[in-house]
file work.txt (compact mmCIF, C-alpha atoms)
# COMPACT_ATOMS: atom_id res chain seq x y z
CA MET A 1 -1.72 22.02 -19.11
CA PRO A 2 -3.90 21.52 -16.04
CA THR A 3 -6.45 18.75 -16.16
CA GLY A 4 -8.88 20.41 -13.79
CA ALA A 5 -9.66 23.48 -11.72
CA GLY A 6 -12.02 24.46 -8.96
CA THR A 7 -12.78 26.69 -6.04
CA ALA A 8 -11.90 25.81 -2.49
CA SER A 9 -15.37 24.38 -1.86
CA ASP A 10 -15.24 21.57 -4.40
CA VAL A 11 -13.87 18.74 -2.30
CA GLY A 12 -14.13 17.03 1.08
CA GLU A 13 -13.14 18.12 4.52
CA ARG A 14 -10.22 15.87 5.35
CA THR A 15 -7.30 17.72 6.92
CA VAL A 16 -3.77 16.78 7.83
CA SER A 17 -1.15 18.36 10.05
CA HIS A 18 0.96 20.88 8.16
CA GLN A 19 3.20 23.75 9.21
CA PRO A 20 4.31 26.06 6.37
CA VAL A 21 7.87 27.39 6.62
CA LEU A 22 9.06 30.99 6.84
CA VAL A 23 5.49 32.34 6.89
CA ASP A 24 6.30 35.82 8.19
CA GLU A 25 9.22 36.15 5.80
CA VAL A 26 7.09 35.04 2.84
CA LEU A 27 4.44 37.62 3.68
CA ARG A 28 7.02 40.35 4.21
CA PHE A 29 8.49 39.90 0.74
CA LEU A 30 5.24 39.15 -1.11
CA ALA A 31 3.53 42.15 0.54
CA PRO A 32 -0.07 40.90 0.03
CA GLU A 33 -1.38 44.14 1.54
CA ARG A 34 -1.01 45.54 -1.99
CA SER A 35 -4.04 43.39 -2.96
CA GLY A 36 -4.48 41.56 -6.27
CA TRP A 37 -3.87 37.96 -7.32
CA PHE A 38 -1.05 35.93 -5.82
CA VAL A 39 -0.02 32.68 -7.48
CA ASP A 40 1.12 29.87 -5.19
CA CYS A 41 2.90 27.62 -7.68
CA THR A 42 3.20 24.69 -5.28
CA VAL A 43 0.21 25.23 -3.02
CA GLY A 44 0.56 21.85 -1.30
CA LEU A 45 -1.73 21.74 1.71
CA GLY A 46 -2.48 25.46 1.47
CA GLY A 47 -0.53 26.73 4.47
CA HIS A 48 1.02 29.82 2.88
CA ALA A 49 -2.12 30.52 0.85
CA ALA A 50 -4.30 30.44 3.97
CA GLU A 51 -2.07 32.97 5.74
CA ILE A 52 -2.15 35.33 2.75
CA LEU A 53 -5.94 35.16 2.56
CA ARG A 54 -6.52 35.32 6.31
CA ARG A 55 -4.31 38.34 6.94
CA HIS A 56 -5.17 40.35 3.82
CA ALA A 57 -8.83 40.59 2.80
CA ALA A 58 -8.05 42.29 -0.53
CA ALA A 59 -5.74 39.49 -1.69
CA SER A 60 -6.74 36.44 -3.76
CA VAL A 61 -4.74 33.25 -4.40
CA LEU A 62 -4.48 31.00 -7.43
CA GLY A 63 -3.01 27.75 -6.11
CA ILE A 64 -1.31 25.24 -8.40
CA ASP A 65 -0.18 21.72 -7.56
CA ARG A 66 0.37 18.46 -9.41
CA ASP A 67 -0.56 16.37 -6.38
CA THR A 68 -4.32 15.84 -6.52
CA GLU A 69 -4.47 14.55 -2.94
CA ALA A 70 -2.74 17.71 -1.69
CA LEU A 71 -5.22 19.81 -3.66
CA GLU A 72 -8.11 18.08 -1.91
CA HIS A 73 -6.70 19.04 1.48
CA ALA A 74 -5.90 22.58 0.32
CA SER A 75 -9.46 22.93 -0.96
CA SER A 76 -10.83 22.01 2.45
CA ARG A 77 -8.44 24.37 4.19
CA LEU A 78 -9.23 27.30 1.92
CA ARG A 79 -12.99 26.79 1.64
CA GLU A 80 -13.76 29.62 4.04
CA PHE A 81 -12.27 32.16 1.63
CA GLY A 82 -14.73 31.39 -1.15
CA PRO A 83 -13.89 32.73 -4.64
CA ARG A 84 -10.74 34.43 -3.34
CA ALA A 85 -9.13 30.98 -3.46
CA ARG A 86 -8.92 29.10 -6.76
CA LEU A 87 -7.12 25.79 -7.19
CA VAL A 88 -5.73 24.21 -10.35
CA HIS A 89 -4.24 20.78 -10.94
CA GLY A 90 -1.09 21.44 -12.93
CA ASN A 91 2.68 21.73 -12.97
CA PHE A 92 4.68 24.82 -12.00
CA GLY A 93 6.45 24.43 -15.34
CA SER A 94 3.19 25.37 -17.10
CA ILE A 95 2.66 28.55 -15.10
CA ARG A 96 2.35 30.77 -18.17
CA GLU A 97 -0.47 28.67 -19.64
CA ILE A 98 -2.19 28.19 -16.28
CA VAL A 99 -2.24 31.91 -15.47
CA ALA A 100 -3.50 32.74 -18.97
CA GLU A 101 -6.31 30.17 -18.70
CA ALA A 102 -7.27 31.41 -15.22
CA ASP A 103 -7.69 34.92 -16.68
CA ILE A 104 -6.48 36.73 -13.57
CA GLY A 105 -4.35 39.32 -15.35
CA LYS A 106 -0.81 40.06 -14.19
CA PRO A 107 -0.14 38.57 -10.73
CA THR A 108 0.87 40.88 -7.88
CA GLY A 109 3.04 38.13 -6.46
CA ILE A 110 4.24 34.59 -7.13
CA LEU A 111 5.38 32.07 -4.52
CA ALA A 112 7.20 28.82 -5.27
CA ASP A 113 7.82 26.59 -2.26
CA LEU A 114 9.89 23.81 -3.84
CA GLY A 115 9.87 21.41 -0.93
CA VAL A 116 8.10 18.09 -0.43
CA SER A 117 4.85 18.45 1.48
CA SER A 118 4.10 16.91 4.86
CA LEU A 119 1.39 14.86 3.18
CA GLN A 120 3.90 13.27 0.83
CA LEU A 121 6.52 12.62 3.51
CA ASP A 122 4.17 11.28 6.14
CA ARG A 123 2.15 8.89 3.99
CA PRO A 124 3.99 5.53 3.82
CA GLU A 125 2.12 4.59 0.65
CA ARG A 126 3.66 7.56 -1.17
CA GLY A 127 7.16 6.11 -0.71
CA PHE A 128 9.03 9.39 -0.20
CA SER A 129 10.63 8.64 3.16
CA PHE A 130 13.03 5.89 4.19
CA MET A 131 11.72 6.33 7.73
CA ARG A 132 8.36 4.81 6.77
CA SER A 133 7.87 1.42 5.18
CA GLY A 134 6.05 1.61 1.87
CA PRO A 135 6.25 1.01 -1.87
CA LEU A 136 8.99 2.79 -3.82
CA ASP A 137 6.77 5.33 -5.54
CA MET A 138 7.80 8.99 -4.95
CA ARG A 139 5.51 10.44 -7.64
CA MET A 140 4.09 13.85 -6.79
CA ASP A 141 1.48 13.41 -9.50
CA GLN A 142 -0.42 10.15 -8.98
CA SER A 143 -3.47 11.19 -10.99
CA PRO A 144 -4.99 8.62 -13.38
CA GLY A 145 -3.24 8.68 -16.71
CA SER A 146 -0.01 10.14 -15.33
CA ALA A 147 2.91 8.81 -17.34
CA ILE A 148 5.45 9.54 -14.61
CA ARG A 149 7.57 6.53 -13.71
CA THR A 150 8.02 5.49 -10.10
CA ALA A 151 11.21 5.23 -8.08
CA ARG A 152 10.78 1.46 -8.32
CA ASP A 153 10.97 1.77 -12.10
CA VAL A 154 14.17 3.79 -11.86
CA VAL A 155 16.07 1.49 -9.50
CA ASN A 156 14.99 -1.72 -11.24
CA LEU A 157 15.24 -0.69 -14.88
CA GLU A 158 17.96 1.94 -15.32
CA SER A 159 21.54 0.95 -16.12
CA GLN A 160 24.26 1.16 -13.50
CA SER A 161 25.82 4.17 -15.22
CA VAL A 162 22.51 6.06 -15.26
CA LEU A 163 21.88 5.24 -11.61
CA GLU A 164 25.36 6.47 -10.71
CA THR A 165 24.76 9.73 -12.57
CA VAL A 166 21.40 10.26 -10.86
CA LEU A 167 22.86 9.68 -7.39
CA ARG A 168 25.89 11.85 -8.04
CA ASP A 169 24.17 14.75 -9.82
CA TYR A 170 20.88 14.90 -7.90
CA GLY A 171 21.97 13.60 -4.52
CA GLU A 172 25.59 14.81 -4.49
CA GLU A 173 26.31 11.34 -3.16
CA ARG A 174 30.03 10.60 -2.87
CA GLN A 175 29.38 6.86 -2.83
CA ALA A 176 27.23 6.97 -5.99
CA ARG A 177 29.19 4.28 -7.83
CA ARG A 178 29.16 1.89 -4.89
CA ILE A 179 25.43 2.32 -4.31
CA ALA A 180 24.59 1.99 -8.02
CA ARG A 181 26.60 -1.22 -8.19
CA ALA A 182 24.83 -2.58 -5.12
CA ILE A 183 21.43 -1.79 -6.62
CA VAL A 184 22.23 -3.66 -9.83
CA GLU A 185 23.63 -6.66 -7.96
CA ARG A 186 20.56 -6.82 -5.70
CA ARG A 187 17.99 -6.59 -8.51
CA ARG A 188 19.63 -9.49 -10.33
CA ARG A 189 18.43 -11.68 -7.46
CA GLU A 190 15.11 -9.99 -6.79
CA PRO A 191 13.45 -6.62 -7.53
CA ILE A 192 13.79 -3.71 -5.11
CA GLU A 193 10.21 -3.04 -4.10
CA THR A 194 10.01 -1.00 -0.90
CA THR A 195 11.56 1.92 0.92
CA ASP A 196 12.92 -0.54 3.46
CA ASP A 197 14.60 -2.56 0.69
CA LEU A 198 16.38 0.47 -0.68
CA ARG A 199 17.32 1.95 2.69
CA ASP A 200 18.84 -1.30 3.92
CA LEU A 201 20.68 -1.78 0.63
CA VAL A 202 22.26 1.68 0.88
CA HIS A 203 23.25 1.09 4.49
CA GLU A 204 24.94 -2.15 3.53
CA ALA A 205 26.67 -0.56 0.54
CA VAL A 206 28.23 2.41 2.32
CA GLY A 207 28.29 1.17 5.91
CA ALA A 208 25.59 1.48 8.54
CA SER A 209 24.06 4.90 9.06
CA ARG A 210 25.80 5.17 12.42
CA VAL A 211 29.16 5.30 10.60
CA ARG A 212 28.23 8.45 8.74
CA ARG A 213 26.50 9.80 11.82
CA GLY A 214 29.64 9.31 13.87
CA ARG A 215 31.79 11.07 11.30
CA ALA A 216 29.35 13.97 11.11
CA LEU A 217 29.24 14.37 14.85
CA ARG A 218 33.03 14.29 15.13
CA ALA A 219 33.20 17.00 12.48
CA GLY A 220 30.61 19.07 14.32
CA ALA A 221 28.07 18.73 11.50
CA ARG A 222 24.39 17.80 11.59
CA SER A 223 23.76 14.08 11.48
CA ILE A 224 22.05 12.64 8.40
CA ASP A 225 21.14 9.07 7.54
CA ALA A 226 23.25 7.34 4.90
CA ALA A 227 20.17 6.86 2.69
CA THR A 228 19.15 10.53 2.67
CA ARG A 229 20.97 11.55 -0.50
CA THR A 230 19.87 8.46 -2.42
CA PHE A 231 16.20 9.11 -1.66
CA GLN A 232 16.60 12.79 -2.54
CA ALA A 233 18.22 11.92 -5.86
CA LEU A 234 15.52 9.45 -6.84
CA ARG A 235 12.73 11.85 -5.88
CA ILE A 236 14.26 14.59 -8.03
CA ALA A 237 14.72 12.20 -10.95
CA VAL A 238 11.19 10.77 -10.74
CA ASN A 239 9.52 14.19 -10.61
CA GLU A 240 12.02 15.98 -12.87
CA GLU A 241 12.22 18.70 -10.25
CA LEU A 242 15.27 20.49 -11.69
CA SER A 243 14.37 20.14 -15.36
CA GLY A 244 13.59 23.57 -16.72
CA LEU A 245 13.47 25.21 -13.28
CA GLY A 246 15.52 28.20 -14.41
CA THR A 247 13.36 28.75 -17.49
CA THR A 248 10.19 28.43 -15.43
CA LEU A 249 11.43 31.03 -12.96
CA GLU A 250 12.11 33.41 -15.85
CA GLN A 251 8.56 32.86 -17.12
CA ALA A 252 7.24 33.62 -13.64
CA MET A 253 9.20 36.88 -13.47
CA LYS A 254 7.87 38.01 -16.84
CA LEU A 255 4.29 37.25 -15.77
CA LEU A 256 4.46 39.59 -12.78
CA ASP A 257 2.87 43.00 -12.79
CA ARG A 258 5.17 45.99 -12.31
CA ASP A 259 6.49 45.94 -8.71
CA GLY A 260 5.24 42.36 -8.44
CA ARG A 261 7.16 40.06 -6.10
CA LEU A 262 8.66 36.61 -6.65
CA VAL A 263 9.47 34.50 -3.59
CA VAL A 264 11.16 31.11 -3.94
CA ILE A 265 11.91 28.64 -1.14
CA SER A 266 14.36 25.83 -1.87
CA TYR A 267 15.57 23.02 0.35
CA HIS A 268 18.85 21.76 -1.05
CA SER A 269 21.90 23.26 -2.72
CA LEU A 270 21.01 22.07 -6.23
CA GLU A 271 17.72 23.95 -6.26
CA ASP A 272 19.11 27.00 -4.51
CA ARG A 273 22.00 27.24 -6.97
CA ILE A 274 19.60 27.36 -9.93
CA VAL A 275 17.39 29.93 -8.22
CA LYS A 276 20.34 32.12 -7.26
CA HIS A 277 21.90 32.13 -10.71
CA ARG A 278 18.61 32.76 -12.53
CA LEU A 279 17.63 35.66 -10.26
CA ARG A 280 21.07 37.22 -10.44
CA ALA A 281 21.16 36.96 -14.23
CA SER A 282 17.72 38.59 -14.52
CA ALA A 283 18.79 41.35 -12.11
CA LEU A 284 21.89 42.14 -14.20
CA GLY A 285 20.19 42.13 -17.61
CA GLU A 286 20.94 40.48 -20.94
CA VAL A 287 24.59 40.27 -21.94
CA ASP A 288 25.58 42.38 -24.95
CA PRO A 289 27.12 39.99 -27.53
CA ILE A 290 29.65 42.64 -28.60
CA THR A 291 30.84 44.14 -25.32
CA GLY A 292 30.14 41.10 -23.15
CA ARG A 293 28.59 43.39 -20.52
CA PRO A 294 25.05 43.24 -19.11
CA ARG A 295 22.65 45.76 -20.62
CA THR A 296 21.03 47.44 -17.63
CA GLU A 297 18.01 48.53 -19.67
CA THR A 298 17.07 44.85 -20.05
CA ARG A 299 17.02 44.15 -16.32
CA LEU A 300 13.90 42.21 -15.41
CA ILE A 301 14.00 42.30 -11.62
CA GLU A 302 15.66 43.83 -8.60
CA LEU A 303 16.96 41.45 -5.96
CA MET A 304 15.37 41.81 -2.54
CA THR A 305 17.66 39.24 -0.90
CA ARG A 306 21.42 39.28 -1.47
CA LYS A 307 21.77 36.12 0.59
CA PRO A 308 19.17 33.43 1.25
CA VAL A 309 16.91 34.03 4.22
CA ARG A 310 17.00 31.12 6.67
CA PRO A 311 14.53 30.21 9.43
CA GLU A 312 15.15 31.44 12.94
CA PRO A 313 16.29 28.85 15.50
CA SER A 314 12.91 29.14 17.19
CA GLU A 315 11.13 28.05 13.99
CA VAL A 316 13.50 25.14 13.48
CA GLN A 317 12.78 24.03 17.03
CA TYR A 318 9.01 23.72 16.54
CA ASN A 319 9.21 22.79 12.84
CA PRO A 320 12.40 20.75 12.22
CA ARG A 321 11.59 20.35 8.52
CA SER A 322 12.24 24.06 8.03
CA ARG A 323 15.93 23.56 8.91
CA SER A 324 17.18 23.43 5.32
CA ALA A 325 14.86 26.08 3.86
CA ARG A 326 16.40 28.96 1.90
CA LEU A 327 14.28 31.88 0.75
CA ARG A 328 15.17 34.27 -2.09
CA ALA A 329 13.01 37.14 -3.31
CA ALA A 330 12.93 39.64 -6.14
CA ARG A 331 10.83 42.61 -7.34
CA ARG A 332 9.68 43.06 -10.93
CA LEU A 333 10.94 46.29 -12.51

call {"tool": "encode", "arguments": {"input": "work.txt", "output": "structure tokens"}}
result
Amino acid sequence: MPTGAGTASDVGERTVSHQPVLVDEVLRFLAPERSGWFVDCTVGLGGHAAEILRRHAAASVLGIDRDTEALEHASSRLREFGPRARLVHGNFGSIREIVAEADIGKPTGILADLGVSSLQLDRPERGFSFMRSGPLDMRMDQSPGSAIRTARDVVNLESQSVLETVLRDYGEERQARRIARAIVERRRREPIETTDDLRDLVHEAVGASRVRRGRALRAGARSIDAATRTFQALRIAVNEELSGLGTTLEQAMKLLDRDGRLVVISYHSLEDRIVKHRLRASALGEVDPITGRPRTETRLIELMTRKPVRPEPSEVQYNPRSRSARLRAARRL
């Protein structure tokens, strides 16, 4: 359950640079011109919410986020919209309880942007990026009393077999065993404390980043650093990003008003796979235990995107972080 709520005028005026992805596409599928309440399940710095409110005077937004610092910035950004913007500290996984407590009725639309915010990536002290030196934290929820463990806890306390599983399953890292072994060997001598420590360890374990970069370039693929998948895996594990995602999406679909829209943006294949399968299953209907065929009368949604919508090259050029974004949308029947 959320620990707090407020309007967009409750906090200070600090702002940070932030460029939301696929804005026009999000608005096209959400269709805020229909008015009503739109729930932004991962409001972040408020970029999508601000565009909804700015372009459509009859729309209101309930923004949810577990990052209290992000909520402060979103509050500042959305202050001008007054009571049309309401913010709640909470987790997307509790959307049913949050919407009920907010007493907004059935939402006209729900948006879930599953990516890491610019605030989290760009702040060294948050420990999300191997490109910035900082403590190994990676918690999205750093509020007092949060029981979430840090990435430092994971790499220094988990067994080699657990680390290997995390890297393989959440990072799709082919060198998971080698990296897990290197982590355990390193922490026997001294704890792994910083993003630099972990990045350098991964580079040493699998070969310098230029090795993978060279292979990628020869294959005509996009270059990525050797530590990318390890940091992704740890972030997912720390924040339990995939746990219950499918069930939460189903809850969101059931909350929608008739003809309500669900828009989900994911950033890696693991997330997108879960989103795709859950939406397709809900569009087909429940499977009859006798015939084994979907019962069309139980269909929950209609798919609006058969394939994921990707950003245009022009957007990727001015906002490189949008490169991996995949948008899927559905309409409540």

call {"tool": "atom_distance", "arguments": {"input": "work.txt", "atom1": "CA of Arg199 in chain A", "atom2": "CA of Val154 in chain A"}}
result
15.0 Å

call {"tool": "residues_near_point", "arguments": {"input": "work.txt", "point": "(10.0, 4.4, 4.8)", "cutoff": "12 Å", "atoms": "all atoms listed in the file", "output": "ChimeraX atom specification"}}
result
/A:120-138,193-200,227-228,231

call {"tool": "residues_around", "arguments": {"input": "work.txt", "residues": "Glu172 in chain A", "least_positions_apart": "2", "cutoff": "10 Å", "atoms": "all atoms listed in the file", "output": "list in words"}}
result
Thr165, Val166, Leu167, Arg168, Asp169, Tyr170, Arg174, Gln175, Ala176, Arg229, Thr230, Gln232, Ala233, Ser269 and Leu270 of chain A

call {"tool": "atom_distance", "arguments": {"input": "work.txt", "atom1": "CA of Pro320 in chain A", "atom2": "CA of Val264 in chain A"}}
result
19.2 Å

call {"tool": "residues_near_point", "arguments": {"input": "work.txt", "point": "(0.2, 31.4, 2.8)", "cutoff": "12 Å", "atoms": "only C-alpha atoms", "output": "ChimeraX atom specification"}}
result
/A:18-28,30-32,38-56,59-63,74,77-78,85,109-113,263

call {"tool": "residues_around", "arguments": {"input": "work.txt", "residues": "Glu185 in chain A", "least_positions_apart": "4", "cutoff": "12 Å", "atoms": "only C-alpha atoms", "output": "mmCIF file with C-alpha atoms, in the coordinates of the input"}}
result
data_model
loop_
_atom_site.group_PDB
_atom_site.id
_atom_site.type_symbol
_atom_site.label_atom_id
_atom_site.label_comp_id
_atom_site.auth_asym_id
_atom_site.auth_seq_id
_atom_site.Cartn_x
_atom_site.Cartn_y
_atom_site.Cartn_z
ATOM 1 C CA VAL A 155 16.070 1.490 -9.500
ATOM 2 C CA ASN A 156 14.990 -1.720 -11.240
ATOM 3 C CA SER A 159 21.540 0.950 -16.120
ATOM 4 C CA GLN A 160 24.260 1.160 -13.500
ATOM 5 C CA ARG A 178 29.160 1.890 -4.890
ATOM 6 C CA ILE A 179 25.430 2.320 -4.310
ATOM 7 C CA ALA A 180 24.590 1.990 -8.020
ATOM 8 C CA ARG A 181 26.600 -1.220 -8.190
ATOM 9 C CA ARG A 189 18.430 -11.680 -7.460
ATOM 10 C CA GLU A 190 15.110 -9.990 -6.790
ATOM 11 C CA PRO A 191 13.450 -6.620 -7.530
ATOM 12 C CA ILE A 192 13.790 -3.710 -5.110
ATOM 13 C CA LEU A 201 20.680 -1.780 0.630
ATOM 14 C CA ALA A 205 26.670 -0.560 0.540
#

call {"tool": "closest_residue", "arguments": {"input": "work.txt", "among": "A:Ala226, A:Leu262, A:Leu87, A:Ile274", "to": "Gly244 in chain A", "atoms": "only C-alpha atoms"}}
result
A:Ile274

call {"tool": "atom_distance", "arguments": {"input": "work.txt", "atom1": "CA of Arg258 in chain A", "atom2": "CA of Leu333 in chain A"}}
result
5.8 Å

call {"tool": "residues_around", "arguments": {"input": "work.txt", "residues": "Glu250 in chain A", "least_positions_apart": "4", "cutoff": "8 Å", "atoms": "only C-alpha atoms", "output": "ChimeraX atom specification"}}
result
/A:246,254,278,282

call {"tool": "closest_residue", "arguments": {"input": "work.txt", "among": "A:Ile301, A:Val309, A:Ala330, A:Ala100", "to": "Arg261 in chain A", "atoms": "only C-alpha atoms"}}
result
A:Ala330
